Structures are given as structure tokens and as C-alpha cells.
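Undergrad: Sharing a structure here in C-alpha cells format.
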Amino acid sequence: STLFHKGWSESEAGRHNDAIASLSQFIADNPKSEDLPKALAKRGLSHKETQNNTAALADFSRIIKDYPQSDALELAYYLTGVIQNDQRNWQDMVTAFEALIEKFPASPARAEAAYKCGLGYIELKNTDKALPHFRMAVKLDEKAYGNVGTQKILLCLWNKKDADALGKEVDSYRGKYADAIIPPSLLGYLGLTYFDRKDFNRSAKYLAWASTPDAPSNTDSRIWNYLGQSLLEIKSYEDSVKAIDHYLADAPDS
């Protein structure tokens, strides 16, 4: 007991090499102790702090494999995910964080785990699996992930070419966040999609959001062209003329 608490205290005090030595002796001498999973978790944390991620992962893996009912299991999954994320091992990261989400629905790290799973699936080129994780992160912790998580949701829907769902998400996002950031190319995609559908009101709305009237040369000339045509169709003539003027100024040969 004294050796276990000595190692624990050394880790808490930041004396990680001393903690590793003490906890290693405790683990070796007490293979059947009920405190063994906690000792492995604390030693793994000290290994992580000393940049020995291989040893840290070995300790966490042992907890996951041999002590699935221990109080240390949640921490083992979480820190495994953190290390795998740092090492850009996306599949291993997703596996660890998804296990955390499934086994510990009340975990305070659940929103973070969901968001990072979404990022991992984007790296793995699997937008379909990324999307629900981003939605979960936003739902669980809107303060931390509402804005940045919604941005990722928009990118997933854009990648899926789901214009209707994307349009609804864009409308909701702009209404909820004053500092909403949406790529003009995404808004342009929506505007051109609705133009092709002859839904000129929605086309004009998204193309207007994609434009920069104060610096018209910063907007793709196609945006001005189709915005002008959409505004013409909905009989907004003065605004249509302005948009076409910007188009002609940027692409006079057209």
C-alpha cells in the first residue's frame, strides 16, 4: 500500500521517472492486487508525460484487455485515443474513442471523443461515419463544439452533395452564430445547385452570401453572373444590374 501511494504521489508531483520506478515495483510485486489497474493507469500516464508513448499504450492496452470492469478503463480508452490522435493513427484513435463513447455514456470526455472521431473519419475518407459524430459532439457540448462542429457538419454534407440538408444546416448555422464562417465555394455550390433547379429565390440568397459587394473583385465572376441572373428572375432588377456590372467588370471578354 505504501509503495502504491508513493508512486501515485510522485506522479501527481510531476516526478514521473520516480513514479514509473515505484509503480513498476508495485506492479511486479503485487500481481493480484485490486489496485493493479489503477497502478497501470498512473504509470501509463507518467510514461505519456515522459514521451514514452509505446510504454504508455502498453499499460492502457493491458487495462483494456485484462481489467474491463475496473475504474481505470475509462481513462485507458481516453488516453489511448489521445496518444493515437497525436501520432495520427486515425483508425486506432477512432477505435479507442468509439469504445469510450459506447461504454461510458456519462463520460465528460464523450463530446471530445465524438468530435475527434469525426476528424478521424474525415482523415479516413469516410464522411458517412464522420457526420453523426460531429452531430453528437454539437449536441453534447454546444459551447465547445457548436460552432466548429457545425462547420464540420457543413463540410460533410457538401462532400455528400446533399444540397437540401446542407441548405437547412447553413440557414440554421447563420441564424445561430453571429461569427458563422462558411466557405464561399460551399455557398456557391448551393446557389448554383438551386439555380439549376430553377429555385431562383434560394439561389439568389446563397449566391449573395457568397459574394463580397464591398470588394467585388474578391468574388468569383461566376457568382456575380448567376446571382445577376437569379435576381433578374425574381424581378430584383436594381440588384441584378449591380451583380451583372460586377461580372462584366471582372470578365469583360465574356
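Residues are named by chain letter and number: chains run A, B, ... in the order of the C-alpha cells, numbers start at 1 in each chain, and ligands are numbered from 1 in the order shown.
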What residues in region 194-241 of chain A get the DSSP label helix (DSSP H, G or I)? Please answer as a PyMOL selection string.
TA: chain A and resi 194-196+200-210+216-218+221-233+237-241
Undergrad: Within 9 Å of region 186-199 of chain A, counting only C-alpha atoms, which residues qualify if same-chain residues fewer than 6 places away don't, as a short mmCIF file (atom, residue, chain, number, x, y, z; two decimals) with N, CA, C and O atoms, in the first residue's frame?
TA:
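The new file out_32.cif reads:
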data_model
loop_
_atom_site.label_atom_id
_atom_site.label_comp_id
_atom_site.auth_asym_id
_atom_site.auth_seq_id
_atom_site.Cartn_x
_atom_site.Cartn_y
_atom_site.Cartn_z
N LEU A 154 -21.22 20.93 -42.05
CA LEU A 154 -21.43 21.54 -43.37
C LEU A 154 -20.50 20.92 -44.41
O LEU A 154 -20.92 20.61 -45.53
N LEU A 155 -19.25 20.73 -44.03
CA LEU A 155 -18.28 20.16 -44.98
C LEU A 155 -18.66 18.73 -45.34
O LEU A 155 -18.49 18.31 -46.50
N TRP A 158 -21.60 18.88 -47.72
CA TRP A 158 -21.11 19.37 -49.01
C TRP A 158 -20.42 18.23 -49.76
O TRP A 158 -20.63 18.03 -50.96
N ALA A 163 -27.64 18.81 -51.11
CA ALA A 163 -27.91 20.24 -51.12
C ALA A 163 -29.05 20.63 -50.18
O ALA A 163 -28.98 21.67 -49.50
N ASP A 164 -30.09 19.81 -50.10
CA ASP A 164 -31.24 20.17 -49.26
C ASP A 164 -30.85 20.19 -47.78
O ASP A 164 -31.17 21.14 -47.06
N LEU A 166 -27.83 20.41 -46.64
CA LEU A 166 -26.80 21.43 -46.48
C LEU A 166 -27.43 22.82 -46.36
O LEU A 166 -27.03 23.63 -45.52
N GLY A 167 -28.43 23.10 -47.20
CA GLY A 167 -29.09 24.39 -47.15
C GLY A 167 -29.76 24.64 -45.81
O GLY A 167 -29.63 25.73 -45.23
N VAL A 170 -27.01 25.34 -43.24
CA VAL A 170 -26.44 26.68 -43.43
C VAL A 170 -27.37 27.74 -42.85
O VAL A 170 -26.94 28.65 -42.14
N LYS A 205 -30.25 33.90 -52.69
CA LYS A 205 -29.86 34.03 -51.28
C LYS A 205 -28.45 33.51 -51.04
O LYS A 205 -27.60 34.21 -50.47
N TYR A 206 -28.16 32.30 -51.49
CA TYR A 206 -26.86 31.71 -51.21
C TYR A 206 -25.75 32.38 -52.02
O TYR A 206 -24.63 32.55 -51.53
N LEU A 207 -26.05 32.77 -53.25
CA LEU A 207 -25.04 33.44 -54.07
C LEU A 207 -24.72 34.82 -53.50
O LEU A 207 -23.57 35.26 -53.54
N ALA A 208 -25.72 35.48 -52.95
CA ALA A 208 -25.48 36.78 -52.30
C ALA A 208 -24.59 36.60 -51.08
O ALA A 208 -23.69 37.42 -50.83
N TRP A 209 -24.83 35.54 -50.31
CA TRP A 209 -23.98 35.28 -49.15
C TRP A 209 -22.55 34.94 -49.57
O TRP A 209 -21.60 35.18 -48.83
N ALA A 210 -22.39 34.37 -50.76
CA ALA A 210 -21.05 34.00 -51.24
C ALA A 210 -20.30 35.19 -51.82
O ALA A 210 -19.09 35.10 -52.07
N SER A 211 -20.98 36.30 -52.04
CA SER A 211 -20.37 37.46 -52.70
C SER A 211 -19.82 38.46 -51.68
O SER A 211 -20.17 38.42 -50.50
N ARG A 222 -18.23 33.95 -61.72
CA ARG A 222 -19.41 33.11 -61.95
C ARG A 222 -20.50 33.40 -60.92
O ARG A 222 -21.70 33.31 -61.23
N ILE A 223 -20.08 33.71 -59.70
CA ILE A 223 -21.05 34.03 -58.66
C ILE A 223 -21.85 35.27 -59.06
O ILE A 223 -23.08 35.29 -59.00
N TYR A 226 -24.33 34.36 -62.09
CA TYR A 226 -25.55 33.63 -61.75
C TYR A 226 -26.39 34.37 -60.71
O TYR A 226 -27.62 34.23 -60.70
N LEU A 227 -25.74 35.15 -59.86
CA LEU A 227 -26.51 35.97 -58.93
C LEU A 227 -27.34 36.99 -59.70
O LEU A 227 -28.52 37.19 -59.41
N GLN A 229 -28.41 36.75 -62.76
CA GLN A 229 -29.50 36.06 -63.46
C GLN A 229 -30.62 35.66 -62.50
O GLN A 229 -31.81 35.77 -62.82
N SER A 230 -30.24 35.19 -61.29
CA SER A 230 -31.25 34.80 -60.30
C SER A 230 -32.07 36.01 -59.87
O SER A 230 -33.31 35.94 -59.76
#
Undergrad: Just checking: using only C-alpha atoms, which residue out of A:Asp239, A:Trp8, A:Ala178, A:His133 ends up closest to Pro213 (chain A)?
TA: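 That would be A:Asp239, the residue with the smallest distance to Pro213 (chain A).
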Undergrad: A:Ile101, A:Met136, A:Ala215, A:Met93: which is nearest Leu124 (chain A), counting only C-alpha atoms?
TA: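 Looking at the shortest contact to Leu124 (chain A), the residue is A:Met93.
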Undergrad: Using only C-alpha atoms, which residues sit within 9 Å of Asn225 (chain A) once same-chain residues fewer than 6 positions away are excluded, as a list in words?
TA: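 The filter keeps Ala243, Ile244, His246, Tyr247 and Leu248 of chain A.
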Undergrad: Pick out the residues sitting within 8 Å of Ser24 (chain A), and hand them over as an MDAnalysis selection string; count only C-alpha atoms, and ignore anything fewer than 4 positions along from it in its own chain.
TA: chainID A and resid 20 28 43
Undergrad: Can you pull out the residues contacting Thr127 (chain A)? Cut-off 9 Å, using only C-alpha atoms, and skip same-chain residues under 6 positions away; I want them as a list in words.
TA: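 That gives Gly118, Tyr121, Cys156, Leu157, Asn159 and Lys160 of chain A.
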Undergrad: Those selected residues, please, written with all heavy atoms and delivered as a PDB file, in the first residue's frame.
TA:
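Once everything was written out, this is part35.pdb:
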ATOM      1  N   GLY A 118     -15.001  12.148 -35.454  1.00  0.00           N
ATOM      2  CA  GLY A 118     -15.381  12.768 -36.715  1.00  0.00           C
ATOM      3  C   GLY A 118     -14.176  13.189 -37.526  1.00  0.00           C
ATOM      4  O   GLY A 118     -14.089  12.931 -38.733  1.00  0.00           O
ATOM      5  N   TYR A 121     -12.489  10.087 -38.976  1.00  0.00           N
ATOM      6  CA  TYR A 121     -13.170   9.514 -40.138  1.00  0.00           C
ATOM      7  C   TYR A 121     -12.993  10.382 -41.383  1.00  0.00           C
ATOM      8  O   TYR A 121     -12.953   9.852 -42.501  1.00  0.00           O
ATOM      9  CB  TYR A 121     -14.650   9.299 -39.834  1.00  0.00           C
ATOM     10  CG  TYR A 121     -14.925   7.999 -39.121  1.00  0.00           C
ATOM     11  CD1 TYR A 121     -15.560   7.969 -37.883  1.00  0.00           C
ATOM     12  CD2 TYR A 121     -14.526   6.784 -39.682  1.00  0.00           C
ATOM     13  CE1 TYR A 121     -15.808   6.772 -37.229  1.00  0.00           C
ATOM     14  CE2 TYR A 121     -14.763   5.583 -39.034  1.00  0.00           C
ATOM     15  CZ  TYR A 121     -15.408   5.583 -37.809  1.00  0.00           C
ATOM     16  OH  TYR A 121     -15.628   4.385 -37.163  1.00  0.00           O
ATOM     17  N   CYS A 156     -19.161  17.972 -44.355  1.00  0.00           N
ATOM     18  CA  CYS A 156     -19.583  16.593 -44.638  1.00  0.00           C
ATOM     19  C   CYS A 156     -20.759  16.574 -45.613  1.00  0.00           C
ATOM     20  O   CYS A 156     -20.777  15.783 -46.567  1.00  0.00           O
ATOM     21  CB  CYS A 156     -19.971  15.883 -43.341  1.00  0.00           C
ATOM     22  SG  CYS A 156     -18.587  15.453 -42.264  1.00  0.00           S
ATOM     23  N   LEU A 157     -21.739  17.423 -45.370  1.00  0.00           N
ATOM     24  CA  LEU A 157     -22.911  17.464 -46.252  1.00  0.00           C
ATOM     25  C   LEU A 157     -22.530  17.958 -47.641  1.00  0.00           C
ATOM     26  O   LEU A 157     -23.083  17.492 -48.643  1.00  0.00           O
ATOM     27  CB  LEU A 157     -23.985  18.373 -45.647  1.00  0.00           C
ATOM     28  CG  LEU A 157     -24.620  17.869 -44.349  1.00  0.00           C
ATOM     29  CD1 LEU A 157     -25.531  18.928 -43.753  1.00  0.00           C
ATOM     30  CD2 LEU A 157     -25.398  16.570 -44.587  1.00  0.00           C
ATOM     31  N   ASN A 159     -19.617  17.465 -49.045  1.00  0.00           N
ATOM     32  CA  ASN A 159     -18.929  16.335 -49.659  1.00  0.00           C
ATOM     33  C   ASN A 159     -19.919  15.288 -50.179  1.00  0.00           C
ATOM     34  O   ASN A 159     -19.690  14.656 -51.216  1.00  0.00           O
ATOM     35  CB  ASN A 159     -17.974  15.692 -48.647  1.00  0.00           C
ATOM     36  CG  ASN A 159     -17.174  14.556 -49.231  1.00  0.00           C
ATOM     37  OD1 ASN A 159     -16.251  14.769 -50.016  1.00  0.00           O
ATOM     38  ND2 ASN A 159     -17.503  13.332 -48.844  1.00  0.00           N
ATOM     39  N   LYS A 160     -21.039  15.139 -49.462  1.00  0.00           N
ATOM     40  CA  LYS A 160     -22.066  14.179 -49.866  1.00  0.00           C
ATOM     41  C   LYS A 160     -22.964  14.729 -50.975  1.00  0.00           C
ATOM     42  O   LYS A 160     -23.805  14.010 -51.511  1.00  0.00           O
ATOM     43  CB  LYS A 160     -22.932  13.809 -48.652  1.00  0.00           C
ATOM     44  CG  LYS A 160     -22.214  12.951 -47.613  1.00  0.00           C
ATOM     45  CD  LYS A 160     -22.959  12.945 -46.284  1.00  0.00           C
ATOM     46  CE  LYS A 160     -24.315  12.315 -46.390  1.00  0.00           C
ATOM     47  NZ  LYS A 160     -24.243  10.861 -46.651  1.00  0.00           N
TER      48      LYS A 160
END
Undergrad: What's the separation between CA of Ser22 (chain A) and CA of Leu3 (chain A), in Å to one decimal place?
TA: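 Answer for the CA of Ser22 (chain A) to CA of Leu3 (chain A) separation: 6.4 Å.
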Undergrad: Within 6 Å of region 69-77 of chain A, counting only C-alpha atoms, which residues qualify if same-chain residues fewer than 2 places away don't, as a compact mmCIF listing (two decimals) with C-alpha atoms, in the first residue's frame?
TA:
# COMPACT_ATOMS: atom_id res chain seq x y z
CA LYS A 38 -5.03 1.98 -11.10
CA PHE A 60 -3.51 1.16 -21.22
CA TYR A 67 -9.38 -5.36 -16.43
CA LEU A 79 -5.61 8.39 -23.14
CA THR A 80 -5.21 5.70 -25.79
CA ALA A 96 -10.48 3.82 -28.70
CA LEU A 100 -15.27 5.21 -24.72
Undergrad: Please provide as an mmCIF file with N, CA, C and O atoms, in the first residue's frame all residues within 8 Å of region 48-51 of chain A, with the sequence filter that same-chain residues fewer than 3 positions apart are discarded (counting only C-alpha atoms).
TA:
data_model
loop_
_atom_site.group_PDB
_atom_site.id
_atom_site.type_symbol
_atom_site.label_atom_id
_atom_site.label_comp_id
_atom_site.auth_asym_id
_atom_site.auth_seq_id
_atom_site.Cartn_x
_atom_site.Cartn_y
_atom_site.Cartn_z
ATOM 1 N N HIS A 16 7.817 12.022 -12.676
ATOM 2 C CA HIS A 16 7.294 10.868 -13.411
ATOM 3 C C HIS A 16 8.273 9.702 -13.487
ATOM 4 O O HIS A 16 7.860 8.548 -13.442
ATOM 5 N N ASN A 17 9.551 9.967 -13.608
ATOM 6 C CA ASN A 17 10.513 8.857 -13.644
ATOM 7 C C ASN A 17 10.521 8.102 -12.313
ATOM 8 O O ASN A 17 10.594 6.864 -12.289
ATOM 9 N N GLY A 44 1.013 4.473 -16.813
ATOM 10 C CA GLY A 44 0.824 4.834 -18.217
ATOM 11 C C GLY A 44 0.803 6.338 -18.411
ATOM 12 O O GLY A 44 1.379 6.861 -19.370
ATOM 13 N N LEU A 45 0.145 7.036 -17.485
ATOM 14 C CA LEU A 45 0.104 8.498 -17.562
ATOM 15 C C LEU A 45 1.506 9.091 -17.409
ATOM 16 O O LEU A 45 1.880 10.029 -18.132
ATOM 17 N N ALA A 55 5.298 2.654 -24.203
ATOM 18 C CA ALA A 55 5.072 2.061 -22.888
ATOM 19 C C ALA A 55 3.713 2.468 -22.332
ATOM 20 O O ALA A 55 3.024 1.657 -21.697
ATOM 21 N N ALA A 56 3.311 3.715 -22.577
ATOM 22 C CA ALA A 56 2.003 4.175 -22.102
ATOM 23 C C ALA A 56 0.885 3.359 -22.736
ATOM 24 O O ALA A 56 -0.032 2.888 -22.050
#
Undergrad: To one decimal in Å, tell me the separation between CA of Gly175 (chain A) and CA of Tyr145 (chain A).
TA: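 We find that CA of Gly175 (chain A) and CA of Tyr145 (chain A) lie 16.5 Å from each other.
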Undergrad: Smallest atom-to-atom distance to Arg110 (chain A): which of A:Ile122, A:Leu57, A:Ile182, A:Val138, using only C-alpha atoms?
TA: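 For Arg110 (chain A), the nearest of the candidates is A:Val138.
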Undergrad: Would you mind reading off the distance between CA of Ala39 (chain A) and CA of Phe26 (chain A), one decimal, in Å?
TA: 7.9 Å
